[in-house]
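Undergrad: This is start14.cif (mmCIF, C-alpha atoms).
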data_coords
loop_
_atom_site.group_PDB
_atom_site.id
_atom_site.type_symbol
_atom_site.label_atom_id
_atom_site.label_comp_id
_atom_site.auth_asym_id
_atom_site.auth_seq_id
_atom_site.Cartn_x
_atom_site.Cartn_y
_atom_site.Cartn_z
ATOM 1 C CA MET A 119 195.256 114.425 107.306
ATOM 2 C CA LYS A 120 192.525 117.031 106.942
ATOM 3 C CA PRO A 121 191.206 118.257 110.312
ATOM 4 C CA VAL A 122 187.737 116.984 111.264
ATOM 5 C CA LYS A 123 186.245 120.479 111.090
ATOM 6 C CA LYS A 124 187.127 120.719 107.371
ATOM 7 C CA MET A 125 185.820 117.280 106.393
ATOM 8 C CA SER A 126 182.731 116.846 104.212
ATOM 9 C CA LEU A 127 180.097 114.333 105.332
ATOM 10 C CA GLY A 128 181.585 111.629 103.092
ATOM 11 C CA GLU A 129 185.145 112.290 104.225
ATOM 12 C CA LEU A 130 184.132 112.227 107.860
ATOM 13 C CA ALA A 131 182.086 109.041 107.418
ATOM 14 C CA ALA A 132 185.091 107.355 105.754
ATOM 15 C CA PHE A 133 187.392 108.586 108.520
ATOM 16 C CA VAL A 134 185.101 107.225 111.252
ATOM 17 C CA CYS A 135 184.455 103.952 109.427
ATOM 18 C CA THR A 136 188.205 103.391 108.976
ATOM 19 C CA GLN A 137 188.936 104.244 112.605
ATOM 20 C CA LEU A 138 186.323 101.714 113.716
ATOM 21 C CA ARG A 139 187.590 99.059 111.285
ATOM 22 C CA ASN A 140 191.183 99.555 112.460
ATOM 23 C CA HIS A 141 189.939 98.598 115.919
ATOM 24 C CA GLY A 142 188.057 95.535 114.691
ATOM 25 C CA ILE A 143 184.605 97.142 114.636
ATOM 26 C CA LYS A 144 182.797 96.672 111.341
ATOM 27 C CA ALA A 145 180.127 99.288 110.821
ATOM 28 C CA VAL A 146 178.197 100.241 107.693
ATOM 29 C CA LEU A 147 176.772 103.676 106.933
ATOM 30 C CA SER A 148 173.011 103.679 106.491
ATOM 31 C CA GLY A 149 170.181 106.231 106.409
ATOM 32 C CA GLY A 150 170.248 109.829 105.184
ATOM 33 C CA GLY A 151 174.061 109.986 105.151
ATOM 34 C CA CYS A 152 174.106 107.555 102.203
ATOM 35 C CA VAL A 153 171.576 109.739 100.355
ATOM 36 C CA ALA A 154 173.792 112.804 100.875
ATOM 37 C CA ILE A 155 176.848 110.948 99.553
ATOM 38 C CA TYR A 156 175.110 109.468 96.500
ATOM 39 C CA THR A 157 173.467 112.761 95.543
ATOM 40 C CA ASP A 158 176.568 114.930 96.075
ATOM 41 C CA SER A 159 174.710 116.667 98.918
ATOM 42 C CA ARG A 160 171.597 117.568 96.877
ATOM 43 C CA TYR A 161 170.052 116.186 100.031
ATOM 44 C CA GLN A 162 171.798 117.486 103.138
ATOM 45 C CA SER A 163 172.176 115.396 106.233
ATOM 46 C CA PHE A 164 174.039 115.928 109.455
ATOM 47 C CA ASP A 165 173.463 112.418 110.753
ATOM 48 C CA LEU A 166 175.892 109.596 110.267
ATOM 49 C CA ASP A 167 174.028 106.413 111.159
ATOM 50 C CA PHE A 168 176.361 103.460 111.438
ATOM 51 C CA ILE A 169 174.977 99.961 111.849
ATOM 52 C CA GLU A 170 177.305 97.386 113.288
ATOM 53 C CA ASN A 171 177.510 94.077 111.462
ATOM 54 C CA VAL A 172 178.368 92.314 114.683
ATOM 55 C CA PRO A 173 177.281 94.051 117.897
ATOM 56 C CA THR A 174 180.130 95.584 119.896
ATOM 57 C CA GLU A 175 180.078 96.773 123.485
ATOM 58 C CA ARG A 176 179.112 100.436 123.693
ATOM 59 C CA ARG A 177 182.098 101.072 125.943
ATOM 60 C CA ARG A 178 184.459 99.888 123.212
ATOM 61 C CA ILE A 179 182.898 102.178 120.569
ATOM 62 C CA LYS A 180 183.106 105.048 123.015
ATOM 63 C CA GLU A 181 186.858 104.478 123.525
ATOM 64 C CA VAL A 182 187.590 104.186 119.804
ATOM 65 C CA LEU A 183 185.652 107.348 118.889
ATOM 66 C CA LEU A 184 187.184 109.284 121.761
ATOM 67 C CA GLU A 185 190.598 108.732 120.148
ATOM 68 C CA ILE A 186 189.453 110.904 117.209
ATOM 69 C CA GLY A 187 187.734 113.477 119.412
ATOM 70 C CA PHE A 188 184.117 112.300 119.433
ATOM 71 C CA ILE A 189 182.385 112.446 122.788
ATOM 72 C CA GLU A 190 179.218 110.564 123.680
ATOM 73 C CA LYS A 191 176.253 112.750 124.567
ATOM 74 C CA ASP A 192 172.922 111.015 125.214
ATOM 75 C CA ARG A 193 172.890 108.372 122.489
ATOM 76 C CA TYR A 194 174.964 110.382 120.008
ATOM 77 C CA PHE A 195 178.620 111.118 119.444
ATOM 78 C CA LYS A 196 179.614 114.734 118.866
ATOM 79 C CA HIS A 197 182.858 116.473 117.971
ATOM 80 C CA PRO A 198 183.531 120.090 118.955
ATOM 81 C CA GLY A 199 184.789 120.904 115.446
ATOM 82 C CA THR A 200 181.839 119.663 113.370
ATOM 83 C CA ASP A 201 178.047 119.775 113.238
ATOM 84 C CA PHE A 202 177.848 116.190 111.988
ATOM 85 C CA ILE A 203 176.720 113.705 114.598
ATOM 86 C CA ILE A 204 177.333 109.988 114.758
ATOM 87 C CA GLU A 205 174.745 107.492 115.909
ATOM 88 C CA PHE A 206 174.658 103.726 116.161
ATOM 89 C CA PRO A 207 171.027 102.695 115.676
ATOM 90 C CA ALA A 208 170.167 99.164 116.732
ATOM 91 C CA GLY A 209 171.020 96.481 114.159
ATOM 92 C CA PRO A 210 170.917 94.182 112.394
ATOM 93 C CA LEU A 211 171.967 95.659 109.081
ATOM 94 C CA ALA A 212 168.729 95.245 107.162
ATOM 95 C CA VAL A 213 166.431 96.857 104.657
ATOM 96 C CA GLY A 214 162.928 96.127 105.833
ATOM 97 C CA GLY A 215 162.752 92.463 106.764
ATOM 98 C CA GLU A 216 165.763 91.385 104.703
ATOM 99 C CA PRO A 217 169.464 91.392 105.587
ATOM 100 C CA VAL A 218 171.782 93.542 103.488
ATOM 101 C CA ARG A 219 173.830 91.244 101.270
ATOM 102 C CA GLU A 220 176.060 93.570 99.244
ATOM 103 C CA ILE A 221 177.956 96.406 100.811
ATOM 104 C CA GLU A 222 179.352 99.247 98.720
ATOM 105 C CA GLU A 223 182.793 100.737 99.315
ATOM 106 C CA ILE A 224 183.943 104.247 98.489
ATOM 107 C CA VAL A 225 187.490 105.430 99.055
ATOM 108 C CA PHE A 226 187.951 109.015 100.240
ATOM 109 C CA PRO A 227 191.293 110.713 101.013
ATOM 110 C CA THR A 228 190.378 110.213 104.696
ATOM 111 C CA GLY A 229 189.698 106.468 104.523
ATOM 112 C CA ARG A 230 187.509 103.704 103.139
ATOM 113 C CA LEU A 231 183.781 103.950 103.714
ATOM 114 C CA GLU A 232 181.425 100.982 103.724
ATOM 115 C CA LEU A 233 177.831 101.920 103.025
ATOM 116 C CA LEU A 234 174.537 100.666 101.621
ATOM 117 C CA SER A 235 174.505 100.233 97.842
ATOM 118 C CA PRO A 236 172.403 102.760 95.880
ATOM 119 C CA THR A 237 169.682 100.114 95.391
ATOM 120 C CA ASP A 238 169.595 99.287 99.128
ATOM 121 C CA CYS A 239 169.698 102.986 99.955
ATOM 122 C CA VAL A 240 166.557 103.464 97.823
ATOM 123 C CA LYS A 241 164.922 100.485 99.593
ATOM 124 C CA ASP A 242 165.862 101.949 102.977
ATOM 125 C CA ARG A 243 164.216 105.278 102.095
ATOM 126 C CA LEU A 244 161.194 103.550 100.578
ATOM 127 C CA ALA A 245 160.757 101.507 103.767
ATOM 128 C CA ALA A 246 160.251 104.790 105.642
ATOM 129 C CA PHE A 247 157.842 105.963 102.963
ATOM 130 C CA TYR A 248 155.899 102.679 102.948
ATOM 131 C CA HIS A 249 155.620 102.327 106.717
ATOM 132 C CA TRP A 250 155.504 105.936 107.924
ATOM 133 C CA ASN A 251 154.112 107.594 104.827
ATOM 134 C CA ASP A 252 157.162 109.885 104.981
ATOM 135 C CA ARG A 253 157.154 111.757 101.677
ATOM 136 C CA GLN A 254 160.562 113.331 102.334
ATOM 137 C CA CYS A 255 162.023 109.836 102.252
ATOM 138 C CA LEU A 256 160.294 109.142 98.927
ATOM 139 C CA GLU A 257 161.893 112.296 97.493
ATOM 140 C CA GLN A 258 165.277 111.144 98.827
ATOM 141 C CA ALA A 259 164.817 107.758 97.126
ATOM 142 C CA LEU A 260 164.065 109.546 93.831
ATOM 143 C CA LEU A 261 167.160 111.748 94.190
ATOM 144 C CA VAL A 262 169.323 108.636 94.599
ATOM 145 C CA ALA A 263 167.643 107.033 91.576
ATOM 146 C CA GLU A 264 168.484 110.159 89.548
ATOM 147 C CA ALA A 265 172.098 110.152 90.695
ATOM 148 C CA LYS A 266 173.087 106.475 90.723
ATOM 149 C CA LYS A 267 172.302 103.277 88.856
ATOM 150 C CA ILE A 268 169.688 101.299 90.730
ATOM 151 C CA ASP A 269 168.014 97.939 90.141
ATOM 152 C CA VAL A 270 164.305 98.735 89.813
ATOM 153 C CA LYS A 271 163.394 95.063 89.308
ATOM 154 C CA GLU A 272 165.063 94.181 92.606
ATOM 155 C CA ILE A 273 163.261 97.046 94.361
ATOM 156 C CA ARG A 274 159.986 95.732 92.966
ATOM 157 C CA ARG A 275 160.753 92.221 94.287
ATOM 158 C CA TRP A 276 161.728 93.590 97.685
ATOM 159 C CA SER A 277 158.586 95.752 97.852
ATOM 160 C CA ALA A 278 156.490 92.628 97.220
ATOM 161 C CA ALA A 279 158.344 90.817 100.023
ATOM 162 C CA GLU A 280 157.472 93.768 102.284
ATOM 163 C CA GLU A 281 153.826 93.350 101.198
ATOM 164 C CA LYS A 282 153.973 96.798 99.615
ATOM 165 C CA SER A 283 153.437 95.963 95.931
ATOM 166 C CA VAL A 284 150.490 98.355 95.675
ATOM 167 C CA ASP A 285 152.539 101.231 97.113
ATOM 168 C CA PHE A 286 155.424 100.364 94.800
ATOM 169 C CA GLU A 287 153.186 100.411 91.725
ATOM 170 C CA ALA A 288 151.950 103.847 92.784
ATOM 171 C CA ILE A 289 155.491 105.272 92.685
ATOM 172 C CA ARG A 290 157.035 103.038 89.982
ATOM 173 C CA GLY A 291 156.496 105.648 87.253
ATOM 174 C CA ARG A 292 158.354 108.308 89.236
ATOM 175 C CA LEU A 293 161.174 105.914 90.078
ATOM 176 C CA MET A 294 161.575 104.907 86.397
ATOM 177 C CA LYS A 295 161.482 108.552 85.353
ATOM 178 C CA ALA A 296 164.211 109.397 87.859
ATOM 179 C CA ALA A 297 166.338 106.483 86.643
ATOM 180 C CA ARG A 298 165.824 107.592 82.999
ATOM 181 C CA LYS A 299 166.870 111.125 83.927
ATOM 182 C CA ARG A 300 170.194 109.723 85.088
ATOM 183 C CA ASN A 301 170.661 108.090 81.688
ATOM 184 C CA GLY A 302 169.878 111.427 80.028
ATOM 185 C CA SER A 303 166.903 110.070 78.082
ATOM 186 C CA MET B 234 155.653 82.900 129.855
ATOM 187 C CA LEU B 235 158.220 84.592 127.626
ATOM 188 C CA GLU B 236 159.967 86.154 130.600
ATOM 189 C CA PRO B 237 162.993 83.781 130.541
ATOM 190 C CA LEU B 238 163.515 84.697 126.894
ATOM 191 C CA LEU B 239 162.763 88.414 127.096
ATOM 192 C CA GLY B 240 164.390 88.951 130.468
ATOM 193 C CA SER B 241 161.515 90.881 131.995
ATOM 194 C CA LYS B 242 157.867 90.337 132.824
ATOM 195 C CA ASN B 243 157.016 93.901 131.881
ATOM 196 C CA ARG B 244 158.662 93.503 128.516
ATOM 197 C CA GLU B 245 156.432 90.488 127.824
ATOM 198 C CA ARG B 246 153.367 92.411 128.944
ATOM 199 C CA ILE B 247 154.214 95.429 126.810
ATOM 200 C CA LEU B 248 154.812 93.378 123.683
ATOM 201 C CA LEU B 249 151.611 91.371 124.144
ATOM 202 C CA TYR B 250 149.630 94.512 124.795
ATOM 203 C CA LEU B 251 150.975 96.220 121.678
ATOM 204 C CA ARG B 252 150.508 93.101 119.574
ATOM 205 C CA ILE B 253 146.803 93.128 120.396
ATOM 206 C CA ARG B 254 146.037 96.821 120.810
ATOM 207 C CA LYS B 255 148.433 98.088 118.090
ATOM 208 C CA GLU B 256 149.351 101.204 120.096
ATOM 209 C CA GLY B 257 149.488 102.210 123.730
ATOM 210 C CA TYR B 258 151.095 104.584 126.193
ATOM 211 C CA ALA B 259 153.004 103.878 129.380
ATOM 212 C CA ARG B 260 150.323 104.807 131.908
ATOM 213 C CA GLU B 261 147.640 102.884 130.039
ATOM 214 C CA ILE B 262 149.797 99.742 129.901
ATOM 215 C CA SER B 263 150.831 99.958 133.548
ATOM 216 C CA ARG B 264 147.194 100.468 134.609
ATOM 217 C CA PHE B 265 146.041 97.538 132.525
ATOM 218 C CA PHE B 266 148.529 95.182 134.169
ATOM 219 C CA ARG B 267 148.218 96.899 137.577
ATOM 220 C CA THR B 268 151.907 97.500 137.775
ATOM 221 C CA ASP B 269 154.161 100.474 138.496
ATOM 222 C CA LEU B 270 154.601 103.084 135.826
ATOM 223 C CA ALA B 271 158.383 103.588 136.015
ATOM 224 C CA PRO B 272 159.436 100.028 135.049
ATOM 225 C CA VAL B 273 156.994 100.073 132.133
ATOM 226 C CA GLN B 274 158.410 103.398 130.931
ATOM 227 C CA LYS B 275 161.925 102.012 131.247
ATOM 228 C CA GLN B 276 161.119 98.913 129.202
ATOM 229 C CA LEU B 277 159.300 100.951 126.548
ATOM 230 C CA GLU B 278 162.374 103.128 126.183
ATOM 231 C CA ARG B 279 164.676 100.126 125.941
ATOM 232 C CA LEU B 280 162.511 98.435 123.344
ATOM 233 C CA GLU B 281 162.393 101.635 121.321
ATOM 234 C CA ASN B 282 166.176 102.082 121.502
ATOM 235 C CA GLY B 283 166.529 98.501 120.297
ATOM 236 C CA GLY B 284 164.351 99.223 117.260
ATOM 237 C CA VAL B 285 161.583 96.844 118.369
ATOM 238 C CA LEU B 286 159.086 99.641 119.027
ATOM 239 C CA TYR B 287 158.415 103.007 117.480
ATOM 240 C CA SER B 288 156.968 105.952 119.320
ATOM 241 C CA ARG B 289 155.096 109.052 118.246
ATOM 242 C CA SER B 290 153.607 111.906 120.175
ATOM 243 C CA ALA B 291 149.864 112.556 120.179
ATOM 244 C CA GLY B 292 149.246 115.769 122.080
ATOM 245 C CA ARG B 293 151.051 115.317 125.367
ATOM 246 C CA THR B 294 151.042 111.539 125.170
ATOM 247 C CA ARG B 295 153.786 109.314 123.750
ATOM 248 C CA LEU B 296 152.238 106.394 121.930
ATOM 249 C CA TYR B 297 154.196 103.207 121.273
ATOM 250 C CA GLY B 298 153.678 100.400 118.780
ATOM 251 C CA LEU B 299 155.553 97.469 117.245
ATOM 252 C CA ASN B 300 158.025 98.904 114.724
ATOM 253 C CA PRO B 301 157.000 97.810 111.204
ATOM 254 C CA ARG B 302 160.659 98.222 110.149
ATOM 255 C CA TYR B 303 161.980 95.795 112.770
ATOM 256 C CA PRO B 304 163.536 92.975 110.707
ATOM 257 C CA PHE B 305 162.225 90.233 113.027
ATOM 258 C CA LEU B 306 158.721 91.640 113.335
ATOM 259 C CA GLY B 307 157.022 88.703 111.591
ATOM 260 C CA ASP B 308 158.758 86.202 113.857
ATOM 261 C CA LEU B 309 158.064 88.295 116.947
ATOM 262 C CA ARG B 310 154.364 88.468 116.076
ATOM 263 C CA SER B 311 154.241 84.689 115.626
ATOM 264 C CA LEU B 312 155.924 84.178 118.991
ATOM 265 C CA LEU B 313 153.544 86.573 120.741
ATOM 266 C CA ASP B 314 150.512 84.993 119.064
ATOM 267 C CA LYS B 315 151.661 81.572 120.216
ATOM 268 C CA ALA B 316 152.310 82.827 123.760
ATOM 269 C CA LEU B 317 148.850 84.352 123.828
ATOM 270 C CA THR B 318 147.226 80.977 123.147
ATOM 271 C CA PHE B 319 148.724 79.765 126.446
ATOM 272 C CA TYR B 320 147.197 82.601 128.448
ATOM 273 C CA PRO B 321 144.036 81.822 130.437
ATOM 274 C CA PRO B 322 140.927 82.674 128.361
ATOM 275 C CA GLU B 323 139.830 85.428 130.770
ATOM 276 C CA GLU B 324 143.238 87.147 130.486
ATOM 277 C CA ARG B 325 143.117 86.894 126.695
ATOM 278 C CA GLU B 326 139.629 88.291 126.661
ATOM 279 C CA LYS B 327 140.624 91.210 128.853
ATOM 280 C CA LEU B 328 143.355 92.112 126.378
ATOM 281 C CA THR B 329 141.288 91.737 123.254
ATOM 282 C CA MET B 330 137.738 92.670 124.241
ATOM 283 C CA THR B 331 137.998 96.344 124.966
ATOM 284 C CA ARG B 332 135.989 98.954 123.163
ATOM 285 C CA THR B 333 138.250 100.547 120.538
ATOM 286 C CA ARG B 334 135.604 102.088 118.273
ATOM 287 C CA PRO B 335 135.043 105.830 118.652
ATOM 288 C CA ARG B 336 132.579 107.319 121.106
ATOM 289 C CA ARG B 337 131.276 110.847 120.617
ATOM 290 C CA LYS B 338 132.176 113.293 123.391
ATOM 291 C CA GLY B 339 129.295 113.829 125.817
ATOM 292 C CA LYS B 340 127.238 110.859 124.616
ATOM 293 C CA PRO B 341 125.232 109.426 127.544
ATOM 294 C CA LEU B 342 126.037 105.834 128.478
#
Please express what this file holds, its structure, as structure tokens.
TA:
Amino acid sequence: MKPVKKMSLGELAAFVCTQLRNHGIKAVLSGGGCVAIYTDSRYQSFDLDFIENVPTERRRIKEVLLEIGFIEKDRYFKHPGTDFIIEFPAGPLAVGGEPVREIEEIVFPTGRLELLSPTDCVKDRLAAFYHWNDRQCLEQALLVAEAKKIDVKEIRRWSAAEEKSVDFEAIRGRLMKAARKRNGS
Amino acid sequence: MLEPLLGSKNRERILLYLRIRKEGYAREISRFFRTDLAPVQKQLERLENGGVLYSRSAGRTRLYGLNPRYPFLGDLRSLLDKALTFYPPEEREKLTMTRTRPRRKGKPL
């Protein structure tokens, strides 16, 4: 097994996710870490945000992560050999007001990672753009749309459910353009 | 009113305050309810860690509000609105009827 200090973000996320799963803790990668994985690090992130499907006692997570060298500091887990940090933001696993229904899996040499699908990853970034007017998150959503197949119709439906149809229409052209770029047209 | 459900009187106060006023800071909330600052700060922090509230800094003040990305926000708002209807009218009025429009610096009363 590759040492933690040599692992890429994806490899480390898969390693942590597998370690947690092996101890009965089901956690899904969300946030900027998914963007980094889907865009082959065109967007760089050092945060691994795992959301637990079913809440687990903090003490239990602490024990499991300690086995692979991660130590809790404030609300984060750090490892002396890597700059990546692990966090467990409060659940539930959701994009905006809706639960996440489909979870993507990617197998790395270090383990099996469960993470948001590209479409949900775009929704997650757009939620930050819609609610906080965070333009960096909009750019991240566009990078994912360029790199992976996404369901624009579904994102439009979800935006309407979030009462953000007007905001969606304002960025729809850019999202479609990014998706077309992926297809090479 | 919602204390048995929320587990703390201050938590109920904070949520009601932020439902009506949209944003607020710890000292302002504690002054409004004439309660100690520390427990209010503690509950604000807990609610933020739980994703129920967001916070942002404005100068040297940390402002809190209901997190628009909280998945149960709609239901929470409904619950708070319902709870508010059970509050005595004078309490409700105190929460809602406060000047929020701008006032130019130095303007005489």
Undergrad: If you take only C-alpha atoms and a cut-off of 9 Å, which residues of chain B touch chain A, and what are their nearest atom pairs and distances in Å to one decimal, in chain and number order, as CSV?
TA:
residue,atom,partner,partner_atom,distance
B:Asn282,CA,A:Ala208,CA,6.9
B:Gly283,CA,A:Ala208,CA,5.1
B:Gly284,CA,A:Ala208,CA,5.8
B:Pro301,CA,A:His249,CA,6.5
B:Arg302,CA,A:Gly214,CA,5.3
B:Tyr303,CA,A:Gly215,CA,6.9
B:Pro304,CA,A:Gly215,CA,4.1
B:Phe305,CA,A:Gly215,CA,6.7
B:Leu306,CA,A:Gly215,CA,7.8
B:Gly307,CA,A:Gly215,CA,8.4
Undergrad: Need to verify the contact set: Ser235 in chain A, 8 Å, all atoms listed in the file, exclusion of same-chain residues closer than 5 positions in sequence. Can you return it as an mmCIF file with C-alpha atoms, keeping the file's coordinate frame?
TA:
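selection.cif, freshly written:
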data_model
loop_
_atom_site.group_PDB
_atom_site.id
_atom_site.type_symbol
_atom_site.label_atom_id
_atom_site.label_comp_id
_atom_site.auth_asym_id
_atom_site.auth_seq_id
_atom_site.Cartn_x
_atom_site.Cartn_y
_atom_site.Cartn_z
ATOM 1 C CA GLU A 220 176.060 93.570 99.244
ATOM 2 C CA ILE A 221 177.956 96.406 100.811
ATOM 3 C CA GLU A 222 179.352 99.247 98.720
#
Undergrad: Identify which of the residues A:Arg253, A:Phe133, A:Lys299, A:Asp238 lies closest to Arg274 in chain A, counting all atoms listed in the file when measuring atom-to-atom distances.
TA: A:Asp238
Undergrad: Given the file shown, enumerate the residues that the PyMOL selection byres ((chain A and resi 261-263) around 10) captures and present them as a ChimeraX atom specification.
TA: /A:152-158,160-161,236-237,239-240,243,255-260,264-270,292-300
Undergrad: Would you output that residue set with C-alpha atoms, as an mmCIF file, in the coordinates of the input?
TA:
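Saved to selection24.cif:
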data_model
loop_
_atom_site.group_PDB
_atom_site.id
_atom_site.type_symbol
_atom_site.label_atom_id
_atom_site.label_comp_id
_atom_site.auth_asym_id
_atom_site.auth_seq_id
_atom_site.Cartn_x
_atom_site.Cartn_y
_atom_site.Cartn_z
ATOM 1 C CA CYS A 152 174.106 107.555 102.203
ATOM 2 C CA VAL A 153 171.576 109.739 100.355
ATOM 3 C CA ALA A 154 173.792 112.804 100.875
ATOM 4 C CA ILE A 155 176.848 110.948 99.553
ATOM 5 C CA TYR A 156 175.110 109.468 96.500
ATOM 6 C CA THR A 157 173.467 112.761 95.543
ATOM 7 C CA ASP A 158 176.568 114.930 96.075
ATOM 8 C CA ARG A 160 171.597 117.568 96.877
ATOM 9 C CA TYR A 161 170.052 116.186 100.031
ATOM 10 C CA PRO A 236 172.403 102.760 95.880
ATOM 11 C CA THR A 237 169.682 100.114 95.391
ATOM 12 C CA CYS A 239 169.698 102.986 99.955
ATOM 13 C CA VAL A 240 166.557 103.464 97.823
ATOM 14 C CA ARG A 243 164.216 105.278 102.095
ATOM 15 C CA CYS A 255 162.023 109.836 102.252
ATOM 16 C CA LEU A 256 160.294 109.142 98.927
ATOM 17 C CA GLU A 257 161.893 112.296 97.493
ATOM 18 C CA GLN A 258 165.277 111.144 98.827
ATOM 19 C CA ALA A 259 164.817 107.758 97.126
ATOM 20 C CA LEU A 260 164.065 109.546 93.831
ATOM 21 C CA GLU A 264 168.484 110.159 89.548
ATOM 22 C CA ALA A 265 172.098 110.152 90.695
ATOM 23 C CA LYS A 266 173.087 106.475 90.723
ATOM 24 C CA LYS A 267 172.302 103.277 88.856
ATOM 25 C CA ILE A 268 169.688 101.299 90.730
ATOM 26 C CA ASP A 269 168.014 97.939 90.141
ATOM 27 C CA VAL A 270 164.305 98.735 89.813
ATOM 28 C CA ARG A 292 158.354 108.308 89.236
ATOM 29 C CA LEU A 293 161.174 105.914 90.078
ATOM 30 C CA MET A 294 161.575 104.907 86.397
ATOM 31 C CA LYS A 295 161.482 108.552 85.353
ATOM 32 C CA ALA A 296 164.211 109.397 87.859
ATOM 33 C CA ALA A 297 166.338 106.483 86.643
ATOM 34 C CA ARG A 298 165.824 107.592 82.999
ATOM 35 C CA LYS A 299 166.870 111.125 83.927
ATOM 36 C CA ARG A 300 170.194 109.723 85.088
#
Undergrad: Work out how far apart CA of Leu166 in chain A and CA of Gly128 in chain A are and give it in Å to one decimal.
TA: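 For CA of Leu166 in chain A relative to CA of Gly128 in chain A, the distance reads 9.4 Å.
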Undergrad: Could you tell me which residues the PyMOL selection byres ((chain A and resi 165) around 12) grabs in this file, written as a PyMOL selection string?
TA: chain A and resi 127-128+130-131+147-155+161-164+166-168+194-196+200-207
Undergrad: Which residues, written as an MDAnalysis selection string, have at least one atom at most 8 Å from range 327-332 of chain B, with only C-alpha atoms counted and residues fewer than 5 positions away on the same chain left out?
TA: chainID B and resid 250 253:254
Undergrad: For CA of Glu129 in chain A and CA of Phe226 in chain A, quote the distance in Å rounded to one decimal.
TA: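 Answer for the CA of Glu129 in chain A to CA of Phe226 in chain A separation: 5.9 Å.
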Undergrad: Using all atoms listed in the file, can you tell me which of B:Gly257, B:Pro272, B:Gly339, B:Gly292 comes closest to Asn243 in chain B?
TA: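 Closest candidate: B:Pro272.
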Undergrad: So which residues touch range 235-242 of chain B within 10 Å, counting all atoms listed in the file, skipping near sequence neighbours fewer than 3 positions away, as a PyMOL selection string?
TA: chain B and resi 245-248+272-273+276+312-313+316
Undergrad: Next, the residues of the selection above should be written as a CSV table (one decimal), in the frame of the given file with C-alpha atoms.
TA:
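Saved as part_20.csv:
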chain,number,residue,atom,x,y,z
B,245,GLU,CA,156.4,90.5,127.8
B,246,ARG,CA,153.4,92.4,128.9
B,247,ILE,CA,154.2,95.4,126.8
B,248,LEU,CA,154.8,93.4,123.7
B,272,PRO,CA,159.4,100.0,135.0
B,273,VAL,CA,157.0,100.1,132.1
B,276,GLN,CA,161.1,98.9,129.2
B,312,LEU,CA,155.9,84.2,119.0
B,313,LEU,CA,153.5,86.6,120.7
B,316,ALA,CA,152.3,82.8,123.8
Undergrad: Check what the PyMOL selection byres ((chain A and resi 122) around 9) selects in the file above and give those residues as a list in words.
TA: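 On the file shown, the PyMOL selection byres ((chain A and resi 122) around 9) covers Met119, Lys120, Pro121, Lys123, Lys124, Met125, Ser126, Glu129, Leu130, Phe133, Ile186, Gly187, His197, Gly199 and Thr200 of chain A.
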Undergrad: Starting from 5 Å padding per side, set up an axis-aligned box that covers all listed atoms of range 139-147 of chain A and hand over centre and edge lengths in Å, one decimal, as JSON.
TA:
{"center_x": 184.0, "center_y": 99.6, "center_z": 111.4, "size_x": 24.4, "size_y": 18.1, "size_z": 19.0}
Undergrad: Distance CA of Ala259 in chain B-CA of Arg293 in chain B, one decimal place?
TA: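 If I compute the distance from CA of Ala259 in chain B to CA of Arg293 in chain B, I get 12.3 Å.
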Undergrad: Calculated over only C-alpha atoms, which of the candidates B:Lys338, B:Arg267, B:Arg325, B:Arg252 has the smallest distance to Val285 in chain B?
TA: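 For Val285 in chain B, the nearest of the given residues is B:Arg252.
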Undergrad: Counting all atoms listed in the file, what is within 12 Å of Arg260 in chain B, bar same-chain residues fewer than 6 positions away, as a list in words?
TA: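 Neighbouring residues, sequence-local ones excluded: Ile247, Phe266, Arg267, Thr268, Asp269, Leu270, Ala271, Pro272, Val273, Gln274, Lys275, Leu277, Thr294, Arg295, Leu296 and Tyr297 of chain B.
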Undergrad: Reconstruct N, CA and C atoms of range 282-290 of chain B; output as a CSV table (one decimal), keeping the file's coordinate frame.
TA:
chain,number,residue,atom,x,y,z
B,282,ASN,N,164.8,101.9,121.8
B,282,ASN,CA,166.2,102.1,121.5
B,282,ASN,C,166.7,100.9,120.7
B,283,GLY,N,166.1,99.7,121.0
B,283,GLY,CA,166.5,98.5,120.3
B,283,GLY,C,165.8,98.3,118.9
B,284,GLY,N,165.0,99.3,118.6
B,284,GLY,CA,164.4,99.2,117.3
B,284,GLY,C,163.1,98.3,117.2
B,285,VAL,N,162.7,97.8,118.3
B,285,VAL,CA,161.6,96.8,118.4
B,285,VAL,C,160.3,97.6,118.3
B,286,LEU,N,160.3,98.8,119.0
B,286,LEU,CA,159.1,99.6,119.0
B,286,LEU,C,159.4,101.0,118.4
B,287,TYR,N,158.3,101.6,117.9
B,287,TYR,CA,158.4,103.0,117.5
B,287,TYR,C,157.6,103.8,118.5
B,288,SER,N,157.8,105.1,118.5
B,288,SER,CA,157.0,106.0,119.3
B,288,SER,C,156.6,107.2,118.5
B,289,ARG,N,155.5,107.8,118.9
B,289,ARG,CA,155.1,109.1,118.2
B,289,ARG,C,154.3,109.8,119.3
B,290,SER,N,154.4,111.2,119.2
B,290,SER,CA,153.6,111.9,120.2
B,290,SER,C,152.2,112.3,119.6
